[in-house]
$ cat start-v7.txt   # compact mmCIF, C-alpha atoms
# COMPACT_ATOMS: atom_id res chain seq x y z
CA MET A 90 57.67 -27.55 -16.81
CA ASN A 91 58.91 -24.94 -19.19
CA ILE A 92 57.09 -21.72 -19.91
CA LYS A 93 55.88 -22.72 -23.35
CA ASP A 94 54.36 -25.96 -22.07
CA TYR A 95 52.72 -24.06 -19.23
CA ILE A 96 51.18 -21.61 -21.67
CA GLU A 97 49.97 -24.49 -23.85
CA SER A 98 48.52 -26.46 -20.93
CA GLY A 99 45.16 -24.72 -21.02
CA ILE A 100 45.61 -23.23 -17.56
CA ILE A 101 45.75 -19.71 -19.02
CA GLU A 102 42.31 -20.14 -20.62
CA SER A 103 40.92 -21.74 -17.47
CA HIS A 104 42.19 -18.80 -15.47
CA VAL A 105 40.82 -16.09 -17.75
CA LEU A 106 37.43 -17.80 -17.95
CA GLY A 107 37.34 -18.07 -14.16
CA LEU A 108 37.40 -21.88 -14.11
CA THR A 109 40.44 -22.35 -11.89
CA THR A 110 40.43 -23.08 -8.18
CA ALA A 111 41.77 -20.42 -5.82
CA GLU A 112 45.14 -22.20 -5.58
CA GLU A 113 45.44 -22.52 -9.35
CA ALA A 114 44.55 -18.85 -9.76
CA ALA A 115 47.21 -17.81 -7.25
CA GLU A 116 49.71 -19.97 -9.09
CA VAL A 117 48.89 -18.41 -12.48
CA GLU A 118 49.12 -14.92 -11.02
CA ALA A 119 52.50 -15.70 -9.48
CA MET A 120 53.75 -17.17 -12.77
CA ALA A 121 52.47 -14.13 -14.70
CA LYS A 122 54.38 -11.81 -12.38
CA GLU A 123 57.57 -13.74 -13.02
CA HIS A 124 57.24 -14.40 -16.74
CA THR A 125 56.18 -11.70 -19.17
CA GLU A 126 55.38 -14.39 -21.76
CA ILE A 127 52.73 -15.80 -19.45
CA LYS A 128 51.40 -12.35 -18.74
CA GLN A 129 51.27 -11.72 -22.49
CA ALA A 130 49.53 -15.06 -23.10
CA ILE A 131 46.87 -14.12 -20.57
CA LEU A 132 46.38 -10.73 -22.21
CA ASP A 133 46.18 -12.31 -25.67
CA PHE A 134 43.46 -14.70 -24.61
CA GLU A 135 41.60 -11.93 -22.79
CA ILE A 136 41.55 -9.88 -25.98
CA LEU A 137 40.50 -12.87 -28.09
CA LEU A 138 37.54 -13.44 -25.74
CA GLU A 139 36.73 -9.77 -25.60
CA ASN A 140 36.63 -9.48 -29.37
CA GLN A 141 34.47 -12.58 -29.67
CA THR A 142 32.07 -11.26 -27.03
CA ASN A 143 31.81 -7.95 -28.84
CA LYS A 144 30.98 -9.51 -32.19
CA ASP A 145 27.25 -9.96 -31.72
CA LEU A 146 26.08 -7.60 -29.04
CA ILE A 147 22.56 -7.50 -27.69
CA GLN A 148 21.45 -4.28 -26.05
CA PRO A 149 19.90 -4.41 -22.57
CA ASP A 150 16.68 -2.58 -21.74
CA ALA A 151 17.06 1.21 -21.59
CA SER A 152 15.42 1.08 -18.16
CA VAL A 153 18.56 -0.53 -16.67
CA LYS A 154 20.63 2.62 -17.23
CA THR A 155 17.87 4.83 -15.90
CA ASN A 156 17.49 2.65 -12.82
CA LEU A 157 21.23 2.60 -12.20
CA ASN A 158 21.49 6.36 -12.45
CA ASN A 159 18.61 6.64 -10.00
CA ILE A 160 20.11 4.11 -7.61
CA LEU A 161 23.68 5.34 -7.69
CA PHE A 162 23.19 9.08 -8.15
CA ALA A 163 19.74 9.99 -6.88
CA ALA A 164 21.12 11.60 -3.72
CA ASN A 165 23.90 13.25 -5.67
CA SER A 166 22.35 14.42 -8.91
CA SER A 167 23.71 17.96 -8.52
CA GLU A 168 27.14 16.53 -9.27
CA LYS A 169 29.07 18.98 -11.45
CA ASN A 170 30.45 16.37 -13.82
CA ILE A 171 27.11 15.76 -15.43
CA THR A 172 28.14 18.22 -18.14
CA SER A 173 29.95 15.39 -19.92
CA SER A 174 28.52 14.43 -23.27
CA GLN A 175 28.33 10.87 -22.00
CA VAL A 176 25.52 11.72 -19.71
CA ASN A 177 22.28 10.70 -21.23
CA ALA A 178 20.02 13.73 -21.13
CA ALA A 179 17.02 11.46 -20.93
CA SER A 180 18.24 9.84 -17.73
CA VAL A 181 18.79 13.19 -16.03
CA HIS A 182 15.40 14.25 -17.22
CA HIS A 183 14.08 11.03 -15.78
CA ILE A 184 15.67 11.75 -12.39
CA ASN A 185 14.05 15.16 -12.38
CA LEU A 186 10.78 13.65 -13.44
CA SER A 187 11.04 11.10 -10.62
CA ARG A 188 11.62 13.93 -8.20
CA TYR A 189 8.64 15.83 -9.52
CA ILE A 190 6.56 12.70 -9.22
CA ALA A 191 7.85 12.17 -5.67
CA ALA A 192 7.14 15.79 -4.80
CA ALA A 193 3.69 15.57 -6.38
CA ALA A 194 3.03 12.36 -4.46
CA ILE A 195 4.00 14.03 -1.18
CA ILE A 196 1.83 17.05 -1.94
CA LEU A 197 -1.08 14.78 -2.82
CA LEU A 198 -0.49 12.85 0.39
CA ILE A 199 -0.61 16.07 2.41
CA ILE A 200 -3.74 17.23 0.60
CA SER A 201 -5.27 13.83 1.10
CA SER A 202 -4.44 13.89 4.84
CA GLY A 203 -5.96 17.36 5.06
CA LEU A 204 -9.07 16.18 3.29
CA ASN A 205 -9.24 13.16 5.58
CA PHE A 206 -9.24 15.49 8.56
CA TYR A 207 -11.76 17.80 6.92
CA PHE A 208 -14.09 14.96 6.00
CA TYR A 209 -13.70 13.40 9.43
CA SER A 210 -14.64 16.72 11.06
CA ALA A 211 -17.56 17.11 8.70
CA PHE A 212 -18.62 13.56 9.43
CA LYS A 213 -18.32 14.14 13.21
CA ASN A 214 -20.28 17.36 12.90
CA SER A 215 -22.99 15.64 10.87
CA THR A 216 -23.19 12.84 13.40
CA ASP A 217 -23.59 15.36 16.23
CA LYS A 218 -26.24 17.21 14.30
CA TYR A 219 -27.98 13.96 13.48
CA GLN A 220 -28.01 13.03 17.18
CA ALA A 221 -29.42 16.46 18.05
CA LEU A 222 -32.11 16.08 15.40
CA LEU A 223 -32.91 12.61 16.67
CA THR A 224 -33.37 13.95 20.20
CA GLU A 225 -35.44 16.83 18.91
CA ARG A 226 -37.60 14.48 16.88
CA ASN A 227 -38.17 12.28 19.95
CA THR A 228 -39.15 15.33 21.99
CA LEU A 229 -41.52 16.48 19.27
CA GLN A 230 -42.97 13.02 19.03
CA ALA A 231 -43.52 12.93 22.80
CA ASN A 232 -45.07 16.40 22.69
CA ASN A 233 -47.19 15.32 19.79
CA ALA A 234 -48.40 12.30 21.75
CA ALA A 235 -49.20 14.54 24.71
CA TYR A 236 -51.14 16.94 22.50
CA LYS A 237 -52.92 14.06 20.92
CA THR A 238 -53.97 12.80 24.35
CA LYS A 239 -55.18 16.25 25.30
CA LEU A 240 -57.01 16.57 22.02
CA ASP A 241 -58.65 13.21 22.62
CA GLU A 242 -59.68 14.33 26.09
CA ILE A 243 -61.14 17.54 24.67
CA ASN A 244 -62.96 15.64 21.95
CA GLN A 245 -64.30 13.27 24.52
CA SER A 246 -65.32 16.25 26.67
CA LEU A 247 -67.08 17.83 23.72
CA GLY A 248 -68.89 14.59 23.12
CA MET A 249 -70.03 14.49 26.72
CA MET A 250 -71.11 18.13 26.65
CA GLU A 251 -73.36 17.40 23.71
CA ASP A 252 -74.76 14.31 25.40
CA PRO A 253 -78.50 14.93 26.21
CA HIS A 254 -78.16 12.86 29.35
CA MET A 255 -75.62 15.30 30.77
CA VAL A 256 -76.97 17.95 33.16
CA LYS A 257 -75.06 21.18 32.83
CA ILE A 258 -74.62 23.35 35.93
CA GLN A 259 -72.86 26.63 35.34
CA MET A 260 -70.96 27.94 38.39
CA ASN A 261 -70.40 31.67 38.44
CA GLY A 262 -67.83 33.68 40.37
CA VAL A 263 -68.75 34.79 43.85
CA LYS A 264 -68.47 38.39 44.89
CA GLY A 265 -65.02 39.70 44.26
CA LYS A 266 -64.27 36.80 41.87
CA GLU A 267 -66.92 37.48 39.29
CA GLU A 268 -64.68 36.81 36.30
CA ASN A 269 -64.35 33.11 37.27
CA ILE A 270 -66.60 30.59 35.58
CA ALA A 271 -66.69 26.80 35.81
CA THR A 272 -69.26 24.23 34.71
CA VAL A 273 -70.32 20.90 36.19
CA TYR A 274 -71.54 18.19 33.84
CA TRP A 275 -73.47 15.55 35.70
CA ASP A 276 -74.38 12.28 34.07
CA THR A 277 -77.97 11.53 35.02
CA ARG A 278 -77.51 7.82 34.37
CA THR A 279 -74.18 7.05 36.05
CA LYS A 280 -74.18 10.05 38.43
CA GLU A 281 -70.62 10.74 37.44
CA VAL A 282 -69.56 14.32 37.83
CA TYR A 283 -67.26 16.20 35.45
CA VAL A 284 -66.04 19.73 35.85
CA LEU A 285 -64.89 22.18 33.19
CA SER A 286 -62.75 25.13 34.23
CA ASN A 287 -64.08 27.66 31.75
CA LYS A 288 -62.20 30.55 33.20
CA MET A 289 -60.52 30.30 36.56
CA ASP A 290 -57.89 32.46 38.25
CA LYS A 291 -54.40 31.16 38.13
CA LEU A 292 -53.63 29.02 41.16
CA PRO A 293 -51.37 30.52 43.82
CA GLU A 294 -48.36 28.45 44.87
CA GLY A 295 -49.29 25.36 46.90
CA LYS A 296 -53.02 25.68 46.27
CA GLN A 297 -55.52 23.58 44.30
CA TYR A 298 -59.22 23.90 43.39
CA GLN A 299 -61.59 21.49 45.14
CA LEU A 300 -65.15 20.74 44.02
CA TRP A 301 -67.90 20.38 46.56
CA ALA A 302 -71.41 19.03 46.21
CA ILE A 303 -73.93 20.67 48.50
CA VAL A 304 -76.07 17.82 49.71
CA ASP A 305 -78.89 18.62 52.11
CA GLY A 306 -77.16 21.90 52.94
CA LYS A 307 -73.85 20.28 53.74
CA PRO A 308 -70.73 20.36 51.54
CA VAL A 309 -69.56 16.93 50.38
CA ASP A 310 -66.13 16.50 48.82
CA ALA A 311 -66.51 15.88 45.08
CA GLY A 312 -62.77 15.68 44.28
CA MET A 313 -59.78 17.78 43.42
CA ILE A 314 -59.52 19.47 40.05
CA GLY A 315 -56.36 18.10 38.44
CA PHE A 316 -53.61 20.43 37.25
CA ASP A 317 -53.26 18.65 33.97
CA CYS A 318 -56.90 18.24 33.12
CA ALA A 319 -57.55 19.68 29.67
CA GLY A 320 -61.26 19.41 29.14
CA LEU A 321 -63.82 17.84 31.43
CA CYS A 322 -62.18 16.61 34.56
CA LYS A 323 -63.68 13.51 35.98
CA MET A 324 -64.72 13.99 39.65
CA LYS A 325 -66.43 11.77 42.17
CA VAL A 326 -69.81 10.14 41.76
CA ILE A 327 -72.49 12.27 43.40
CA ASN A 328 -75.96 10.77 43.63
CA HIS A 329 -77.76 13.83 44.81
CA ALA A 330 -76.91 17.49 45.20
CA GLU A 331 -78.61 20.90 45.32
CA ALA A 332 -75.58 22.83 44.26
CA PHE A 333 -71.88 22.60 43.35
CA ALA A 334 -69.11 24.92 44.43
CA VAL A 335 -65.36 25.26 44.02
CA THR A 336 -63.07 26.47 46.75
CA LEU A 337 -59.38 27.27 46.80
CA GLU A 338 -57.72 24.78 49.14
CA LYS A 339 -54.25 23.65 49.99
CA GLN A 340 -52.81 21.06 47.58
CA GLY A 341 -54.45 17.70 48.01
CA GLY A 342 -57.62 19.23 49.38
CA SER A 343 -59.32 19.68 52.71
CA PRO A 344 -61.97 17.61 54.51
CA THR A 345 -64.15 20.69 54.86
CA PRO A 346 -64.30 23.66 52.52
CA THR A 347 -62.76 26.98 53.43
CA LEU A 348 -65.82 29.03 52.71
CA SER A 349 -63.93 32.28 52.66
CA ASP A 350 -62.00 30.96 49.68
CA MET A 351 -65.00 29.97 47.59
CA VAL A 352 -64.49 30.91 43.96
CA VAL A 353 -67.58 29.79 42.04
CA ILE A 354 -70.95 28.30 42.89
CA GLY A 355 -73.94 27.11 40.88
CA LYS A 356 -77.27 25.66 41.81
CA VAL A 357 -78.66 22.53 40.30
CA SER A 358 -81.81 23.63 38.54
CA MET B 143 33.38 -2.60 -32.01
CA GLN B 144 33.37 1.14 -31.68
CA GLU B 145 36.56 3.05 -30.99
CA LEU B 146 36.79 3.83 -27.29
CA LYS B 147 37.55 7.34 -26.12
CA TYR B 148 39.46 6.21 -23.04
CA ASN B 149 41.71 3.18 -22.53
CA GLU B 150 41.09 0.92 -19.55
CA ALA B 151 43.64 2.61 -17.29
CA GLU B 152 42.10 6.04 -17.95
CA LEU B 153 38.62 4.65 -17.39
CA VAL B 154 39.60 3.04 -14.08
CA GLY B 155 41.07 6.39 -12.98
CA MET B 156 37.82 8.13 -13.92
CA LEU B 157 35.70 5.52 -12.13
CA LYS B 158 37.72 5.97 -8.96
CA GLN B 159 36.76 9.66 -9.09
CA ARG B 160 33.19 8.35 -8.74
CA THR B 161 31.65 10.78 -11.18
CA GLN B 162 28.32 10.17 -12.85
CA SER B 163 29.85 10.94 -16.21
CA ALA B 164 32.44 8.18 -15.69
CA PHE B 165 29.68 5.78 -14.78
CA ASN B 166 27.66 6.66 -17.85
CA TYR B 167 30.72 6.28 -20.06
CA LEU B 168 31.33 2.83 -18.56
CA TYR B 169 27.73 1.86 -19.05
CA ASP B 170 27.45 3.14 -22.58
CA ASN B 171 30.56 1.28 -23.70
CA TYR B 172 30.32 -1.97 -21.76
CA SER B 173 26.67 -2.67 -20.92
CA ALA B 174 25.95 -4.50 -24.18
CA SER B 175 29.03 -6.74 -23.78
CA LEU B 176 28.21 -7.65 -20.20
CA TYR B 177 24.54 -8.06 -21.01
CA THR B 178 25.44 -10.48 -23.81
CA VAL B 179 27.60 -12.52 -21.41
CA ILE B 180 24.81 -12.60 -18.81
CA LEU B 181 22.20 -13.47 -21.41
CA SER B 182 24.32 -16.34 -22.74
CA ILE B 183 24.22 -17.87 -19.26
CA LEU B 184 20.68 -17.03 -18.10
CA GLN B 185 18.99 -17.16 -21.53
CA ASP B 186 16.18 -14.95 -20.22
CA LYS B 187 16.06 -11.27 -21.14
CA GLU B 188 14.13 -10.12 -18.09
CA LEU B 189 16.42 -11.90 -15.64
CA ALA B 190 19.44 -10.74 -17.62
CA ASN B 191 18.37 -7.10 -17.35
CA ASP B 192 17.93 -7.42 -13.59
CA THR B 193 21.29 -9.13 -13.28
CA LEU B 194 23.02 -6.51 -15.43
CA GLN B 195 21.77 -3.83 -13.06
CA GLU B 196 23.11 -5.76 -10.09
CA VAL B 197 26.45 -6.27 -11.89
CA PHE B 198 26.93 -2.55 -12.59
CA ILE B 199 26.23 -1.75 -8.95
CA LYS B 200 28.90 -4.31 -7.95
CA ILE B 201 31.40 -2.90 -10.45
CA TRP B 202 30.75 0.63 -9.21
CA ARG B 203 31.12 -0.31 -5.57
CA GLN B 204 34.06 -2.68 -6.00
CA ILE B 205 36.18 -0.76 -8.49
CA GLU B 206 38.81 -0.19 -5.79
CA GLN B 207 39.31 -3.97 -5.67
CA TYR B 208 40.14 -4.17 -9.37
CA ASN B 209 43.85 -4.93 -9.81
CA PRO B 210 45.14 -4.26 -13.35
CA ASP B 211 48.17 -6.48 -12.69
CA LYS B 212 45.87 -9.51 -12.58
CA GLY B 213 44.07 -8.87 -15.84
CA ARG B 214 42.02 -6.57 -17.97
CA LEU B 215 39.14 -4.52 -16.63
CA PHE B 216 36.95 -6.15 -19.28
CA THR B 217 37.84 -9.65 -18.03
CA TRP B 218 37.23 -8.57 -14.43
CA MET B 219 33.80 -7.21 -15.33
CA VAL B 220 32.93 -10.29 -17.39
CA ASN B 221 33.84 -12.51 -14.44
CA ILE B 222 31.66 -10.43 -12.12
CA SER B 223 28.84 -10.79 -14.66
CA ARG B 224 29.34 -14.53 -14.99
CA ASN B 225 29.49 -15.07 -11.22
CA ALA B 226 26.35 -12.99 -10.67
CA SER B 227 24.52 -14.92 -13.40
CA ILE B 228 25.54 -18.27 -11.94
CA ASP B 229 24.41 -17.09 -8.50
CA ILE B 230 21.01 -16.36 -10.03
CA LEU B 231 21.01 -19.74 -11.76
CA ARG B 232 21.73 -21.41 -8.42
CA SER B 233 19.34 -19.33 -6.35
CA LYS B 234 16.53 -21.29 -4.74
CA ASP B 235 13.71 -19.40 -6.37
CA TYR B 236 15.24 -19.34 -9.86
CA HIS B 237 13.59 -22.56 -10.94
CA SER B 238 10.16 -21.76 -9.56
CA GLN B 239 10.43 -18.25 -11.01
CA LYS B 240 11.33 -19.61 -14.40
CA GLN B 241 8.49 -22.07 -14.23
CA ASN B 242 6.03 -19.34 -13.33
CA ARG B 243 7.29 -17.17 -16.11
CA GLU B 244 7.03 -19.93 -18.64
CA LEU B 245 3.43 -20.47 -17.63
CA THR B 246 2.77 -16.76 -17.98
CA GLU B 247 4.44 -16.70 -21.35
CA ASN B 248 2.27 -19.51 -22.57
CA VAL B 249 -0.71 -17.37 -21.77
CA TYR B 250 0.47 -13.95 -22.89
CA ASN B 251 3.27 -14.89 -25.26
CA ALA B 252 5.45 -12.08 -23.88
CA ALA B 253 7.73 -10.90 -26.65
CA SER B 254 10.65 -9.95 -24.40
CA THR B 255 11.85 -13.45 -23.59
CA VAL B 256 10.81 -15.44 -26.62
CA ASN B 257 13.31 -16.81 -29.09
CA ILE B 258 16.66 -15.68 -27.79
CA GLU B 259 19.07 -17.59 -29.95
CA THR B 260 21.93 -17.50 -27.49
CA ASP B 261 23.72 -20.20 -29.44
CA LYS B 262 24.38 -17.55 -32.05
CA ILE B 263 26.04 -14.99 -29.80
CA GLY B 264 29.42 -14.57 -28.13
CA LEU B 265 31.24 -17.55 -26.68
CA ARG B 266 28.39 -19.99 -27.29
CA LYS B 267 28.66 -19.41 -31.02
CA ILE B 268 32.30 -20.56 -30.96
CA ILE B 269 31.64 -23.45 -28.61
CA SER B 270 29.00 -24.83 -30.92
CA ASN B 271 31.91 -25.75 -33.21
CA LEU B 272 33.48 -28.04 -30.59
CA LYS B 273 32.92 -31.77 -30.25
CA ASP B 274 29.94 -32.75 -28.12
CA ASP B 275 31.93 -34.12 -25.16
CA GLN B 276 33.98 -30.90 -25.04
CA LYS B 277 30.84 -28.79 -25.43
CA ILE B 278 29.30 -30.51 -22.40
CA LEU B 279 32.36 -29.85 -20.24
CA ILE B 280 32.42 -26.14 -21.12
CA GLU B 281 28.67 -25.91 -20.70
CA LEU B 282 28.85 -27.36 -17.21
CA ALA B 283 32.01 -25.53 -16.12
CA TYR B 284 31.57 -22.10 -17.70
CA PHE B 285 27.85 -21.64 -18.31
CA GLN B 286 26.51 -23.64 -15.37
CA GLY B 287 29.36 -22.79 -13.00
CA TYR B 288 30.02 -26.29 -11.66
CA THR B 289 33.42 -26.99 -10.18
CA GLN B 290 35.56 -29.67 -11.80
CA ASP B 291 35.03 -31.76 -8.70
CA GLU B 292 31.25 -31.53 -9.13
CA ILE B 293 31.55 -32.32 -12.84
CA SER B 294 33.67 -35.36 -12.03
CA LYS B 295 30.92 -36.72 -9.79
CA PHE B 296 28.19 -35.69 -12.16
CA LEU B 297 29.74 -37.36 -15.20
CA ASN B 298 31.20 -40.23 -13.15
CA MET B 299 34.63 -39.36 -14.55
CA PRO B 300 37.92 -39.13 -12.61
CA LEU B 301 38.79 -35.55 -11.61
CA GLY B 302 42.09 -35.74 -13.50
CA THR B 303 40.28 -36.71 -16.69
CA VAL B 304 37.80 -33.84 -16.27
CA LYS B 305 40.68 -31.41 -15.79
CA THR B 306 42.61 -32.67 -18.82
CA ARG B 307 39.60 -32.81 -21.11
CA LEU B 308 38.42 -29.39 -20.07
CA ARG B 309 41.84 -27.88 -20.68
CA ASN B 310 42.00 -29.57 -24.07
CA ALA B 311 38.60 -28.16 -24.88
CA LEU B 312 39.82 -24.70 -23.90
CA ILE B 313 42.91 -25.03 -26.08
CA GLN B 314 40.58 -25.99 -28.94
CA LEU B 315 38.49 -22.97 -28.10
CA ARG B 316 41.48 -20.66 -28.29
CA GLY B 317 42.31 -22.11 -31.69
CA LEU B 318 38.82 -21.35 -32.90
CA LEU B 319 38.98 -17.81 -31.51
CA LYS B 320 42.21 -17.12 -33.33
CA ARG B 321 40.79 -18.03 -36.73
$ encode --input "start-v7.txt" --output "structure tokens"
Amino acid sequence: MNIKDYIESGIIESHVLGLTTAEEAAEVEAMAKEHTEIKQAILDFEILLENQTNKDLIQPDASVKTNLNNILFAANSSEKNITSSQVNAASVHHINLSRYIAAAAIILLIISSGLNFYFYSAFKNSTDKYQALLTERNTLQANNAAYKTKLDEINQSLGMMEDPHMVKIQMNGVKGKEENIATVYWDTRTKEVYVLSNKMDKLPEGKQYQLWAIVDGKPVDAGMIGFDCAGLCKMKVINHAEAFAVTLEKQGGSPTPTLSDMVVIGKVS
Amino acid sequence: MQELKYNEAELVGMLKQRTQSAFNYLYDNYSASLYTVILSILQDKELANDTLQEVFIKIWRQIEQYNPDKGRLFTWMVNISRNASIDILRSKDYHSQKQNRELTENVYNAASTVNIETDKIGLRKIISNLKDDQKILIELAYFQGYTQDEISKFLNMPLGTVKTRLRNALIQLRGLLKR
């Protein structure tokens, strides 16, 4: 095959357009090396194609150039050659802008993290305070209930004191304990005995007041006066008595009164 | 076409220096040409923009592989563009992507991809002057990227016939380009 026929075979065009197989391409390249006419034919067709391509150009999106500059030069934007007039000022500006945005994003992230920590702390603090308040409220509620019970007892006591069926026996302090006063309220119908500690000395450690009914000259145990009794303390039922007395006894009481430790006494009128 | 400041040899030298200014010169003077080539194959502006970006990254990274003895820089870059476009065309998700986009376009009538008359640009404009059977061969070989072997099976035509007809079509094409 002579050179002219080879050039006219269409292989040159196939090669330039990238339509040849690898073997064909190698062949064309080898032929072009050997024959300047073939090399020239290739160049001619390349230029024909190039001119045709450049006849009706469509511009790509401006973002492609910006993206490429970011991708290829982001880590290297301090490059000295940027001074060239070819460098699009807008794209450099865009790189800087991207960096500012990145920096701003990082700063915002840090601030946000800080705020997260702050708000978490505040939240934790509030939760702790809320728990404390809850406990306090429960305590107050319990106290309130206790006071209410006491108040009810006192009201009940007051009611009993005003009851016309109640016999009131005031017990005054014995010699040496004159400042002590207590009162027995004795229900004439049920024979129930209640005692009110109007004014009694503070109990020494391990001691408790015990009420006695004097029946036919003998002391009969009428019960221990409770530590937590607010108003009238309910004692034992006593059917008959000439007098009532309170002695200071060991906690839980004694079978017989310690007469030397008598505090108050009052006769039934 | 505008007068270029640097010839191809000078430009290749500059690109091998890997300066941003060289890159921007390359882009400013060749992006529209390569974009037009890509668009003529993909016929979708959004895809073509993405592909152009990919192509410039390839050119930038593979410039050392360019051998001026084998052809012009322009031809080398066009072939990279064509290969990248055909890769996109052949990619598995291209068809589903295109379908999705067409659905979206029906709803929003996105201006960016509507009415690209690729038949009126570049090589397609010339090819539209060829006979239909030649047009089909160039369409399949150049724009769709099928090998002659594949075309032979596809058109149920002997490989030798495909080769001869395609070459004849290309000779016709050269004639049209010369006019």
$ atom_distance --input "start-v7.txt" --atom1 "CA of Leu138 (chain A)" --atom2 "CA of Gln276 (chain B)"
17.8 Å
$ residues_around --input "start-v7.txt" --residues "region 294-306 of chain B" --least-positions-apart "4" --cutoff "8 Å" --atoms "only C-alpha atoms" --output "ChimeraX atom specification"
/B:279,290,310
$ closest_residue --input "start-v7.txt" --among "B:Asp170, B:Glu188, B:Glu196, B:Glu206" --to "Gly155 (chain B)" --atoms "all atoms listed in the file"
B:Glu206
$ closest_residue --input "start-v7.txt" --among "A:Ala130, A:Asn232, A:Gln148, A:Ile190" --to "chain B" --atoms "all atoms listed in the file"
A:Gln148
$ atom_distance --input "start-v7.txt" --atom1 "CA of Val256 (chain A)" --atom2 "CA of Ala271 (chain A)"
13.8 Å
$ closest_atom_pairs --input "start-v7.txt" --of "chain B" --to "chain A" --cutoff "6 Å" --atoms "all atoms listed in the file" --output "CSV"
residue,atom,partner,partner_atom,distance
B:Ser163,CA,A:Ile171,CA,5.6
B:Asn166,CA,A:Val176,CA,5.8
B:Tyr167,CA,A:Gln175,CA,5.5
B:Ala174,CA,A:Gln148,CA,4.9
B:Ser175,CA,A:Asn143,CA,5.9
B:Thr178,CA,A:Ile147,CA,5.7
B:Gln195,CA,A:Val153,CA,5.9
B:Ile263,CA,A:Asp145,CA,5.5
B:Gly264,CA,A:Thr142,CA,4.4
B:Arg309,CA,A:Gly99,CA,4.6
B:Ile313,CA,A:Gly99,CA,5.5
